>>> print(open('my_file-v5.txt').read())   # compact mmCIF, C-alpha atoms
# COMPACT_ATOMS: atom_id res chain seq x y z
CA MET A 337 -23.80 -11.19 33.35
CA GLY A 338 -26.22 -9.50 30.98
CA GLU A 339 -23.29 -7.95 29.16
CA ILE A 340 -22.16 -11.41 27.95
CA ILE A 341 -24.16 -12.98 25.15
CA SER A 342 -23.60 -16.21 23.28
CA LEU A 343 -24.50 -16.82 19.66
CA THR A 344 -25.14 -20.45 20.44
CA ASP A 345 -28.30 -19.50 22.28
CA SER A 346 -29.82 -19.58 18.79
CA LYS A 347 -30.67 -22.80 16.97
CA ASN A 348 -29.48 -21.33 13.68
CA VAL A 349 -26.05 -20.35 14.95
CA ASP A 350 -24.48 -20.49 11.48
CA ARG A 351 -26.50 -17.44 10.48
CA TYR A 352 -24.63 -15.18 12.87
CA ARG A 353 -21.06 -13.94 13.30
CA TYR A 354 -19.16 -11.85 15.78
CA ALA A 355 -17.81 -8.72 14.12
CA VAL A 356 -16.25 -5.34 14.89
CA TYR A 357 -18.32 -2.22 14.37
CA VAL A 358 -16.52 1.13 14.18
CA HIS A 359 -18.49 4.29 14.91
CA GLN A 360 -16.94 7.62 14.07
CA LEU A 361 -17.64 10.36 16.64
CA VAL A 362 -16.97 14.08 16.24
CA THR A 363 -16.23 16.60 18.99
CA PRO A 364 -17.81 20.10 18.87
CA ASP A 365 -14.58 21.51 17.41
CA GLY A 366 -14.56 18.93 14.61
CA VAL A 367 -12.00 16.40 15.84
CA SER A 368 -12.96 12.92 14.61
CA TYR A 369 -12.23 9.80 16.65
CA PRO A 370 -13.35 6.14 16.45
CA ARG A 371 -15.23 4.04 18.97
CA CYS A 372 -15.24 0.28 18.40
CA PHE A 373 -17.73 -2.36 19.54
CA ILE A 374 -18.03 -6.12 19.26
CA VAL A 375 -21.38 -6.83 17.64
CA ILE A 376 -23.35 -9.74 16.24
CA ARG A 377 -24.30 -9.66 12.56
CA ASN A 378 -26.73 -11.91 10.71
CA GLU A 379 -26.27 -13.52 7.29
CA TYR A 380 -27.30 -10.23 5.64
CA ASP A 381 -24.49 -8.40 7.45
CA VAL A 382 -27.05 -6.52 9.56
CA ILE A 383 -26.19 -5.84 13.21
CA VAL A 384 -28.66 -7.68 15.45
CA TYR A 385 -26.98 -7.09 18.80
CA PHE A 386 -24.40 -4.83 20.44
CA THR A 387 -22.44 -6.81 23.03
CA LYS A 388 -20.47 -5.22 25.85
CA LEU A 389 -17.41 -7.35 25.25
CA HIS A 390 -15.45 -4.25 24.27
CA ARG A 391 -15.15 -3.55 28.01
CA PHE A 392 -12.73 -6.46 28.34
CA VAL A 393 -10.48 -5.67 25.38
CA GLY A 394 -8.20 -3.33 27.30
CA VAL A 395 -6.92 -0.02 25.97
CA TYR A 396 -4.46 1.94 28.11
CA GLU A 397 -5.34 -0.35 31.01
CA GLY A 398 -3.93 0.88 34.30
CA SER A 399 -3.63 4.43 33.00
CA VAL A 400 -5.70 7.24 34.46
CA CYS A 401 -5.87 9.09 31.15
CA ARG A 402 -6.52 7.66 27.71
CA PRO A 403 -5.95 9.55 24.45
CA LEU A 404 -9.15 10.38 22.63
CA SER A 405 -7.79 8.74 19.49
CA ALA A 406 -7.06 5.40 21.25
CA ASP A 407 -8.39 2.63 19.02
CA ALA A 408 -8.84 -1.03 20.07
CA ARG A 409 -9.92 -2.18 16.62
CA GLU A 410 -6.92 -4.45 16.00
CA LYS A 411 -7.36 -6.29 19.31
CA MET A 412 -11.09 -6.70 18.69
CA ILE A 413 -10.45 -8.30 15.30
CA TYR A 414 -8.30 -10.98 16.94
CA ILE A 415 -10.95 -11.56 19.63
CA THR A 416 -13.85 -11.88 17.19
CA GLN A 417 -11.83 -14.32 15.08
CA MET A 418 -11.33 -16.45 18.19
CA LEU A 419 -15.02 -16.31 19.14
CA ASN A 420 -16.15 -17.26 15.65
CA TYR A 421 -13.62 -20.10 15.47
CA ILE A 422 -14.64 -21.73 18.77
CA LEU A 423 -18.33 -20.90 19.16
CA ILE A 424 -19.47 -21.08 15.53
CA ASP A 425 -17.07 -22.68 13.07
CA HIS A 426 -16.22 -25.57 15.43
CA LYS A 427 -19.44 -25.81 17.41
CA ALA A 428 -19.86 -29.44 16.38
CA ILE A 429 -16.45 -30.26 17.87
CA TYR A 430 -16.43 -28.27 21.11
CA ARG A 431 -20.19 -28.38 21.81
CA ILE A 432 -20.21 -25.36 24.11
CA ASP A 433 -22.91 -22.73 24.25
CA HIS A 434 -21.24 -19.83 26.05
CA ILE A 435 -18.04 -17.77 26.18
CA PHE A 436 -17.60 -18.78 29.82
CA LYS A 437 -17.12 -22.42 28.77
CA ILE A 438 -14.10 -21.77 26.56
CA THR A 439 -11.02 -23.62 27.85
CA LYS A 440 -7.28 -23.19 27.46
CA ASP A 441 -7.08 -26.14 25.04
CA MET A 442 -9.64 -24.46 22.78
CA LEU A 443 -7.61 -21.26 22.76
CA ALA A 444 -4.44 -23.21 21.96
CA ALA A 445 -6.23 -24.88 19.03
CA PHE A 446 -7.33 -21.48 17.72
CA PHE A 447 -3.81 -20.05 18.03
CA MET A 448 -2.42 -23.08 16.22
CA ASP A 449 -4.92 -22.72 13.38
CA TYR A 450 -4.32 -18.98 13.17
CA SER A 451 -0.57 -19.55 12.86
CA LEU A 452 -0.43 -22.54 10.52
CA LYS A 453 -3.44 -22.04 8.25
CA GLU A 454 -2.62 -20.38 4.95
CA LYS A 455 -4.06 -16.91 4.44
CA LYS A 456 -6.52 -16.21 1.63
CA SER A 457 -3.93 -13.96 0.03
CA GLY A 458 -1.33 -16.74 0.24
CA GLY A 459 1.49 -17.43 2.66
CA HIS A 460 1.32 -17.69 6.43
CA ARG A 461 1.19 -15.23 9.27
CA GLY A 462 4.46 -14.07 10.76
CA SER A 463 5.55 -14.47 14.37
CA GLN A 464 4.77 -10.84 15.17
CA ASP A 465 1.16 -11.16 14.02
CA VAL A 466 0.69 -14.45 15.91
CA GLU A 467 2.16 -12.90 19.05
CA LYS A 468 -0.22 -9.93 18.83
CA CYS A 469 -3.15 -12.31 18.49
CA ILE A 470 -2.11 -14.33 21.56
CA LEU A 471 -1.57 -11.21 23.66
CA ALA A 472 -4.95 -9.74 22.68
CA VAL A 473 -6.93 -12.92 23.38
CA THR A 474 -5.20 -13.82 26.66
CA GLY A 475 -5.60 -10.25 27.88
CA PHE A 476 -9.30 -10.37 26.99
CA PHE A 477 -9.87 -13.58 28.99
CA SER A 478 -7.76 -12.30 31.87
CA ARG A 479 -10.04 -9.31 32.28
CA LEU A 480 -13.11 -11.50 31.80
CA CYS A 481 -11.93 -13.87 34.54
CA ARG A 482 -11.23 -10.99 36.85
CA LYS A 483 -14.90 -10.02 36.86
CA TYR A 484 -16.51 -13.45 36.40
CA SER A 485 -14.02 -15.75 38.13
CA GLY A 486 -16.75 -18.05 39.44
CA TYR A 487 -18.26 -18.64 36.01
CA CYS A 488 -15.31 -18.98 33.60
CA ALA A 489 -13.95 -22.43 32.73
CA ILE A 490 -10.50 -20.90 32.44
CA ASN A 491 -8.60 -18.95 35.08
CA LYS A 492 -5.78 -16.43 34.96
CA ASP A 493 -3.20 -18.91 36.29
CA GLU A 494 -3.79 -21.07 33.20
CA LEU A 495 -3.34 -18.11 30.88
CA TYR A 496 -0.04 -16.79 32.21
CA SER A 497 3.22 -18.04 33.66
CA ASP A 498 5.85 -16.04 35.52
CA LYS A 499 9.20 -15.45 33.85
CA LYS A 500 12.33 -14.02 35.43
CA VAL A 501 13.71 -10.91 33.77
CA TYR A 502 17.33 -9.91 34.23
CA PRO A 503 17.69 -6.21 33.31
CA ARG A 504 21.12 -4.73 32.70
CA TYR A 505 20.64 -2.40 35.64
CA GLY A 506 18.51 -2.95 38.73
CA LYS A 507 17.13 -6.06 40.37
CA GLN A 508 15.68 -9.06 38.61
CA HIS A 509 11.90 -9.32 38.69
CA LEU A 510 9.07 -11.55 37.51
CA VAL A 511 6.79 -10.74 34.57
CA SER A 512 3.68 -12.59 33.46
CA VAL A 513 3.75 -13.91 29.89
CA PRO A 514 1.05 -15.91 28.05
CA ASP A 515 1.46 -19.62 28.75
CA PHE A 516 1.27 -20.71 25.11
CA GLN A 517 3.99 -21.79 22.72
CA ILE A 518 2.68 -21.78 19.16
CA PRO A 519 4.80 -22.83 16.15
CA VAL A 520 4.97 -20.48 13.18
CA ILE A 521 6.01 -21.05 9.58
CA SER A 522 8.92 -18.76 8.80
CA GLU A 523 8.59 -17.23 5.36
CA PRO A 524 10.61 -14.38 3.86
CA LYS A 525 8.29 -11.40 3.81
CA GLU A 526 8.98 -9.35 0.73
CA ILE A 527 6.78 -6.40 -0.14
CA PHE A 528 6.98 -5.13 -3.70
CA ARG A 529 7.44 -1.38 -3.33
CA ASP A 530 10.69 -0.29 -5.02
CA ILE A 531 10.19 2.33 -7.74
CA PRO A 532 13.17 3.28 -9.95
CA THR A 533 13.44 7.04 -10.33
CA LYS A 534 12.77 6.94 -14.07
CA VAL A 535 9.57 4.96 -13.43
CA PHE A 536 8.60 7.41 -10.67
CA GLN A 537 8.92 10.26 -13.16
CA ILE A 538 6.67 8.46 -15.66
CA LEU A 539 4.15 7.66 -12.92
CA MET A 540 3.82 11.29 -11.84
CA ASN A 541 3.40 12.41 -15.44
CA ILE A 542 0.59 9.97 -16.18
CA ALA A 543 -1.08 10.89 -12.87
CA LEU A 544 -1.17 14.52 -13.97
CA ARG A 545 -2.55 13.51 -17.35
CA TYR A 546 -5.09 10.81 -16.44
CA ASP A 547 -6.02 11.39 -12.78
CA PRO A 548 -4.94 14.88 -11.65
CA ASP A 549 -7.25 14.60 -8.62
CA ILE A 550 -4.75 12.26 -6.95
CA ALA A 551 -1.52 13.62 -8.46
CA PHE A 552 -1.02 16.13 -5.65
CA ALA A 553 -1.91 13.48 -3.06
CA MET A 554 0.92 11.40 -4.48
CA SER A 555 3.20 14.42 -4.02
CA PHE A 556 2.48 14.51 -0.28
CA GLN A 557 3.65 10.93 -0.05
CA ALA A 558 6.66 11.21 -2.35
CA PHE A 559 7.95 14.59 -1.14
CA ALA A 560 6.82 14.66 2.53
CA GLY A 561 6.66 10.94 3.36
CA LEU A 562 3.01 10.90 4.43
CA ARG A 563 1.09 7.65 4.69
CA PRO A 564 -1.97 7.32 2.39
CA GLY A 565 -4.47 7.73 5.24
CA GLU A 566 -2.61 10.77 6.56
CA THR A 567 -2.64 12.33 3.10
CA MET A 568 -6.43 12.11 2.98
CA ASN A 569 -6.58 14.08 6.25
CA VAL A 570 -4.86 17.16 4.79
CA ARG A 571 -6.99 20.32 4.71
CA GLN A 572 -6.70 23.45 2.57
CA GLU A 573 -5.09 26.63 3.89
CA SER A 574 -8.55 28.22 4.17
CA SER A 575 -10.02 25.42 6.30
CA PRO A 576 -12.25 26.62 9.19
CA LYS A 577 -10.46 24.02 11.34
CA GLY A 578 -7.23 25.93 10.80
CA PRO A 579 -4.82 25.81 7.86
CA GLY A 580 -4.01 22.26 6.97
CA ILE A 581 -0.92 23.36 5.09
CA SER A 582 1.28 26.43 5.70
CA LEU A 583 3.88 27.79 3.27
CA THR A 584 6.77 29.99 4.42
CA TRP A 585 8.42 32.27 1.88
CA ARG A 586 11.69 34.18 1.87
CA GLY A 587 11.04 36.79 -0.76
CA LYS A 588 9.74 34.80 -3.72
CA LYS A 589 11.41 31.57 -2.66
CA LEU A 590 9.53 28.83 -0.80
CA VAL A 591 11.65 27.76 2.16
CA ARG A 592 9.30 25.62 4.28
CA VAL A 593 6.02 23.70 4.06
CA ASP A 594 4.25 22.58 7.25
CA ILE A 595 1.43 20.02 7.11
CA ASP A 596 -0.93 19.89 10.10
CA LEU A 597 -1.52 16.29 11.20
CA THR A 598 -1.97 17.10 14.89
CA HIS A 599 -5.65 16.08 14.90
CA GLU A 600 -7.83 13.77 12.87
CA TYR A 601 -10.70 16.08 11.91
CA CYS A 602 -14.03 15.18 10.40
CA LEU A 603 -13.78 16.40 6.78
CA ARG A 604 -17.17 15.28 5.45
CA SER A 605 -20.77 16.21 6.22
CA ASP A 606 -21.67 12.51 6.43
CA SER A 607 -18.99 11.97 9.14
CA VAL A 608 -17.28 9.22 7.12
CA SER A 609 -13.63 8.80 8.10
CA CYS A 610 -11.19 9.71 5.33
CA GLY A 611 -8.23 7.86 6.82
CA SER A 612 -6.24 7.53 10.00
CA ILE A 613 -3.21 9.43 11.28
CA LYS A 614 -0.67 6.96 12.64
CA LYS A 615 1.40 9.61 14.42
CA GLU A 616 -0.10 13.01 15.18
CA ARG A 617 2.45 15.66 14.27
CA ILE A 618 3.39 18.61 12.08
CA ALA A 619 4.89 17.03 8.95
CA HIS A 620 7.19 18.82 6.52
CA VAL A 621 8.15 18.67 2.87
CA TYR A 622 11.77 17.59 2.53
CA PRO A 623 13.75 20.74 1.46
CA PRO A 624 15.23 19.34 -1.81
CA PHE A 625 11.66 18.71 -3.01
CA LEU A 626 10.25 22.16 -2.17
CA ASN A 627 10.57 23.46 -5.73
CA VAL A 628 8.65 20.62 -7.34
CA PHE A 629 6.10 20.57 -4.50
CA GLU A 630 5.44 24.28 -4.99
CA ARG A 631 4.66 23.76 -8.66
CA MET A 632 2.43 20.77 -7.94
CA TYR A 633 0.57 22.81 -5.34
CA ALA A 634 -0.01 25.64 -7.83
CA LEU A 635 -1.48 23.16 -10.33
CA HIS A 636 -3.73 21.66 -7.66
CA GLN A 637 -4.99 25.08 -6.56
CA LYS A 638 -6.01 25.82 -10.14
CA ARG A 639 -7.96 22.60 -10.17
CA LEU A 640 -9.64 23.32 -6.81
CA SER A 641 -10.69 26.77 -8.07
CA ARG A 642 -12.80 24.99 -10.74
CA THR A 643 -14.19 22.39 -8.33
CA SER A 644 -17.18 22.50 -6.00
CA TYR A 645 -16.53 21.16 -2.50
CA GLU A 646 -17.92 21.45 1.03
CA LYS A 647 -16.75 24.87 2.23
CA ASP A 648 -17.39 23.99 5.88
CA TYR A 649 -14.58 21.43 5.72
CA CYS A 650 -12.27 22.54 2.90
CA PRO A 651 -10.66 19.16 2.22
CA MET A 652 -7.53 19.18 0.08
CA PHE A 653 -8.68 16.20 -1.99
CA VAL A 654 -12.24 16.06 -3.31
CA ASN A 655 -14.28 13.29 -4.91
CA SER A 656 -16.83 13.63 -7.70
CA ARG A 657 -19.56 14.61 -5.21
CA GLY A 658 -17.59 17.49 -3.76
CA MET A 659 -16.81 15.64 -0.54
CA ALA A 660 -13.44 14.75 0.93
CA MET A 661 -11.81 11.77 -0.74
CA THR A 662 -11.42 8.66 1.43
CA TYR A 663 -8.44 6.34 1.76
CA ASP A 664 -10.33 3.51 -0.01
CA ILE A 665 -11.09 5.68 -3.04
CA TYR A 666 -7.54 6.99 -3.21
CA TYR A 667 -6.13 3.47 -2.98
CA SER A 668 -8.49 2.22 -5.68
CA ARG A 669 -7.68 5.06 -8.07
CA PHE A 670 -3.95 4.70 -7.50
CA THR A 671 -3.99 0.96 -8.23
CA SER A 672 -6.14 1.58 -11.32
CA LEU A 673 -3.58 4.12 -12.50
CA ILE A 674 -0.84 1.52 -12.10
CA THR A 675 -2.78 -1.30 -13.79
CA ASP A 676 -4.50 0.60 -16.61
CA LYS A 677 -1.94 3.27 -17.50
CA LEU A 678 1.54 2.73 -16.07
CA ARG A 679 1.92 -1.00 -16.70
CA PRO A 680 0.92 -0.95 -20.42
CA LEU A 681 3.13 2.08 -21.00
CA LEU A 682 6.16 0.42 -19.41
CA LEU A 683 5.67 -2.87 -21.26
CA SER A 684 5.96 -1.04 -24.59
CA HIS A 685 8.71 1.37 -23.47
CA ASP A 686 11.99 1.75 -25.37
CA ASP A 687 14.02 1.51 -22.16
CA PRO A 688 14.79 -2.14 -21.21
CA GLU A 689 14.72 -1.32 -17.50
CA CYS A 690 11.22 0.13 -17.85
CA ARG A 691 10.04 -2.95 -19.75
CA ILE A 692 11.40 -5.26 -17.05
CA TYR A 693 9.67 -3.22 -14.36
CA GLY A 694 6.43 -3.41 -16.37
CA GLN A 695 6.75 -7.20 -16.36
CA MET A 696 7.25 -7.10 -12.58
CA LEU A 697 4.00 -5.15 -12.26
CA CYS A 698 2.24 -8.04 -14.00
CA GLU A 699 3.30 -10.33 -11.15
CA ASN A 700 3.13 -7.91 -8.20
CA SER A 701 0.70 -5.27 -6.98
CA LEU A 702 1.94 -1.77 -6.23
CA GLY A 703 0.05 0.33 -3.67
CA PRO A 704 0.41 4.00 -2.70
CA HIS A 705 2.68 3.06 0.24
CA ALA A 706 5.39 2.61 -2.42
CA LEU A 707 5.59 6.41 -2.73
CA ARG A 708 6.51 6.75 0.95
CA HIS A 709 9.11 4.04 0.39
CA TRP A 710 10.53 6.00 -2.56
CA PHE A 711 10.73 9.07 -0.30
CA SER A 712 12.58 7.08 2.38
CA VAL A 713 15.05 5.72 -0.17
CA GLN A 714 15.84 9.25 -1.34
CA LEU A 715 16.52 10.33 2.26
CA ALA A 716 18.87 7.39 2.81
CA LEU A 717 20.72 8.09 -0.43
CA ARG A 718 21.14 11.74 0.54
CA GLY A 719 22.99 10.79 3.71
CA GLU A 720 20.31 11.29 6.37
CA ASP A 721 20.93 9.40 9.62
CA VAL A 722 18.45 7.35 11.66
CA ALA A 723 17.17 10.33 13.67
CA GLN A 724 16.54 12.41 10.54
CA LEU A 725 14.83 9.51 8.74
CA GLN A 726 12.58 9.00 11.74
CA PHE A 727 11.77 12.73 11.85
CA TRP A 728 10.97 13.19 8.16
CA ARG A 729 9.01 9.91 7.94
CA GLY A 730 7.02 10.54 11.11
CA ASP A 731 7.87 7.20 12.71
CA LYS A 732 7.10 6.41 16.33
CA SER A 733 10.28 4.34 16.68
CA PRO A 734 13.61 4.31 14.81
CA GLU A 735 13.34 0.66 13.74
CA SER A 736 11.83 1.31 10.29
CA ALA A 737 14.33 4.08 9.57
CA PHE A 738 17.22 1.86 10.62
CA ARG A 739 16.27 -0.78 8.04
CA TYR A 740 16.77 1.74 5.24
CA LEU A 741 20.29 2.52 6.44
CA GLN A 742 21.08 -1.19 6.80
CA ASN A 743 20.19 -1.68 3.13
CA LYS A 744 21.80 1.53 1.91
CA GLY A 745 24.49 -0.28 -0.06
CA ASP A 746 21.89 -2.20 -2.04
CA LEU A 747 19.88 0.97 -2.61
CA ILE A 748 22.90 2.77 -4.04
CA ARG A 749 23.54 -0.08 -6.45
CA GLU A 750 19.92 -0.37 -7.59
CA LEU A 751 18.55 3.16 -7.43
CA SER A 752 19.82 6.66 -8.07
CA ALA A 753 18.98 9.80 -6.15
CA THR A 754 16.77 12.34 -7.85
CA ASN A 755 18.13 15.73 -8.84
CA GLU A 756 16.70 19.09 -9.76
CA LEU A 757 16.38 18.24 -13.46
CA LEU A 758 14.37 15.08 -12.82
CA THR A 759 11.93 16.59 -10.35
CA ASN A 760 11.30 19.60 -12.58
CA ALA A 761 10.93 17.54 -15.74
CA LEU A 762 8.08 15.45 -14.35
CA LEU A 763 5.81 18.53 -14.24
CA ARG A 764 6.10 19.65 -17.84
CA GLU A 765 3.21 17.47 -18.94
CA GLY A 766 0.99 18.69 -16.11
CA GLU A 767 1.67 22.33 -16.82
CA ARG A 768 0.93 21.81 -20.51
CA ILE A 769 -2.43 20.25 -19.64
CA PHE A 770 -3.48 23.13 -17.39
CA GLU A 771 -2.31 25.78 -19.84
CA ASN A 772 -4.49 24.22 -22.53
>>> encode(input="my_file-v5.txt", output="structure tokens")
Amino acid sequence: MGEIISLTDSKNVDRYRYAVYVHQLVTPDGVSYPRCFIVIRNEYDVIVYFTKLHRFVGVYEGSVCRPLSADAREKMIYITQMLNYILIDHKAIYRIDHIFKITKDMLAAFFMDYSLKEKKSGGHRGSQDVEKCILAVTGFFSRLCRKYSGYCAINKDELYSDKKVYPRYGKQHLVSVPDFQIPVISEPKEIFRDIPTKVFQILMNIALRYDPDIAFAMSFQAFAGLRPGETMNVRQESSPKGPGISLTWRGKKLVRVDIDLTHEYCLRSDSVSCGSIKKERIAHVYPPFLNVFERMYALHQKRLSRTSYEKDYCPMFVNSRGMAMTYDIYYSRFTSLITDKLRPLLLSHDDPECRIYGQMLCENSLGPHALRHWFSVQLALRGEDVAQLQFWRGDKSPESAFRYLQNKGDLIRELSATNELLTNALLREGERIFEN
């Protein structure tokens, strides 16, 4: 039982918290992958103990092979929240001094608080988030009970109940589901991410003028549908890990752009992760955007030729120290571009639609994920079906793509598809800057 430790062994329990520590490992060929641990931190955020609770989290349980990139971070966050809630925040109520003494009623109270308590950012957690939390915590205790059945105050029979499943084909069978029923507060979840095409054009122009380091990164999202973290994983053509981007020409015409997202490589000498790849794949620039992407790429190459960076890694996007840019830095610079440059410009714009959108930016935050949304809208407006949307977006399932087609009528009414004139016009400012 040495692998189980309780914070309440200390008299000053309030000084400590359970937390998740992520360590980035690198294989000899440069592939980067995370390993997560549940640790104990003191009031100075210093790790004082590495527990072995990660062994009971469960990743690809029951499978002989596990992908190197498998990451249990999300499950661990739920588990540490539960441990802090019961063992620390409510120690005076429950008066227990060990994980083994946690009961089903305590778990139910945590789930109830997790579901009904308002988030710091406002609003309440949705049913999907609450369900993930319950599944992660019950699975954790199930595996804990399996090894320490004689010590745990809770047993597996309390955690799960059997439910009959009636499949369309085949025989009915029983499945075990968590024996909790937690109420949730239903709230419409609206994410502010729509960008009118005329505003998108202005945004790309000011990116080229005020922060050209991220302008090409924005192109990967808007013209190839990459997620922000995936964009930060892109390497140059000359990368020793293999070309991160490959261009295919037919004569002098660019006909295809392939973006290598098959592995999450280490792109910095300090081994700091730049971002995560949600679905490992070869991504592509959508054909109607090849012309504008080619010109953006040429501008970015000119900039890289004047920039010092780590040649052993050849990242596509470089920070002020010559190292690969991280997701956090990209996100911060994008939001600063929106707040400091785009919003004031729109508020004083001659176009009423632009002024209204500027006012909306005063009430809502716009992150880089909005560029991927803009890309998806353009695909839907150009008549792509669910399978094509899923392919170009790099989705694991067709659900997200299907939502765009469900709302296609609204999109047509509110937004207009880009054309060759618009995508070419947005680069005039950038080309003028580089020529000067």
>>> residues_near_point(input="my_file-v5.txt", point="(11.8, 7.3, 2.4)", cutoff="12 Å", atoms="only C-alpha atoms", output="PyMOL selection string")
chain A and resi 529-531+557-563+621-622+705-722+724-731+736-741+744+747+753
>>> residues_near_point(input="my_file-v5.txt", point="(10.4, 18.8, -2.3)", cutoff="10 Å", atoms="only C-alpha atoms", output="ChimeraX atom specification")
/A:555-556,558-560,592-593,620-632,711,756,759
>>> residues_around(input="my_file-v5.txt", residues="stretch 575-586 of chain A", least_positions_apart="2", cutoff="10 Å", atoms="only C-alpha atoms", output="PyMOL selection string")
chain A and resi 365-367+569-573+588-599+601-603+618-620+630+647-652
>>> atom_distance(input="my_file-v5.txt", atom1="atom CA of A:Pro364", atom2="atom CA of A:Ser607")
12.7 Å
>>> closest_residue(input="my_file-v5.txt", among="A:Ser463, A:Ala444, A:Asp498, A:Phe392", to="A:Tyr484", atoms="only C-alpha atoms")
A:Phe392
>>> closest_residue(input="my_file-v5.txt", among="A:Leu697, A:Ile527, A:Val513, A:Leu673", to="A:Ala551", atoms="all atoms listed in the file")
A:Leu673
>>> atom_distance(input="my_file-v5.txt", atom1="atom CA of A:Gly703", atom2="atom CA of A:Asp687")
23.2 Å
>>> closest_residue(input="my_file-v5.txt", among="A:Tyr421, A:Tyr369, A:Phe516, A:Tyr663", to="A:Glu494", atoms="all atoms listed in the file")
A:Phe516
>>> closest_residue(input="my_file-v5.txt", among="A:Thr662, A:Asn378, A:Asn541, A:Thr439", to="A:Lys677", atoms="all atoms listed in the file")
A:Asn541
>>> residues_around(input="my_file-v5.txt", residues="A:Ile376", least_positions_apart="3", cutoff="8 Å", atoms="all atoms listed in the file", output="list in words")
Leu343, Tyr352, Arg353, Tyr354, Ala355, Ile383, Val384, Tyr385, Phe386 and Thr387 of chain A
>>> axis_aligned_box(input="my_file-v5.txt", around="stretch 613-631 of chain A", padding_each_side="5 Å", output="JSON")
{"center_x": 6.0, "center_y": 15.6, "center_z": 3.3, "size_x": 28.4, "size_y": 27.3, "size_z": 33.8}
>>> atom_distance(input="my_file-v5.txt", atom1="atom CA of A:Thr671", atom2="atom CA of A:Arg545")
15.6 Å
>>> closest_residue(input="my_file-v5.txt", among="A:Ile521, A:Leu635, A:Leu452, A:Ile374", to="A:Asn420", atoms="all atoms listed in the file")
A:Ile374
>>> build_atoms(input="my_file-v5.txt", residues="stretch 429-442 of chain A", atoms="N, CA and C atoms", output="compact mmCIF listing (two decimals), in the coordinates of the input")
# COMPACT_ATOMS: atom_id res chain seq x y z
N ILE A 429 -17.57 -29.61 17.19
CA ILE A 429 -16.45 -30.26 17.87
C ILE A 429 -16.44 -29.94 19.37
N TYR A 430 -16.56 -28.67 19.70
CA TYR A 430 -16.43 -28.27 21.11
C TYR A 430 -17.75 -28.37 21.88
N ARG A 431 -18.87 -28.21 21.21
CA ARG A 431 -20.19 -28.38 21.81
C ARG A 431 -20.35 -27.52 23.08
N ILE A 432 -19.99 -26.28 22.99
CA ILE A 432 -20.21 -25.36 24.11
C ILE A 432 -21.17 -24.27 23.65
N ASP A 433 -21.87 -23.69 24.59
CA ASP A 433 -22.91 -22.73 24.25
C ASP A 433 -22.70 -21.36 24.90
N HIS A 434 -21.47 -21.11 25.40
CA HIS A 434 -21.24 -19.83 26.05
C HIS A 434 -19.75 -19.51 26.11
N ILE A 435 -19.42 -18.23 26.09
CA ILE A 435 -18.04 -17.77 26.18
C ILE A 435 -17.38 -18.27 27.46
N PHE A 436 -18.14 -18.35 28.54
CA PHE A 436 -17.60 -18.78 29.82
C PHE A 436 -17.06 -20.21 29.78
N LYS A 437 -17.50 -21.02 28.82
CA LYS A 437 -17.12 -22.42 28.77
C LYS A 437 -15.88 -22.68 27.91
N ILE A 438 -15.32 -21.63 27.37
CA ILE A 438 -14.10 -21.77 26.56
C ILE A 438 -12.93 -22.14 27.47
N THR A 439 -12.15 -23.13 27.05
CA THR A 439 -11.02 -23.62 27.85
C THR A 439 -9.70 -23.23 27.22
N LYS A 440 -8.63 -23.50 27.95
CA LYS A 440 -7.28 -23.19 27.46
C LYS A 440 -6.95 -24.02 26.22
N ASP A 441 -7.35 -25.28 26.20
CA ASP A 441 -7.08 -26.14 25.04
C ASP A 441 -7.75 -25.60 23.78
N MET A 442 -8.95 -25.05 23.93
CA MET A 442 -9.64 -24.46 22.78
C MET A 442 -8.89 -23.24 22.27
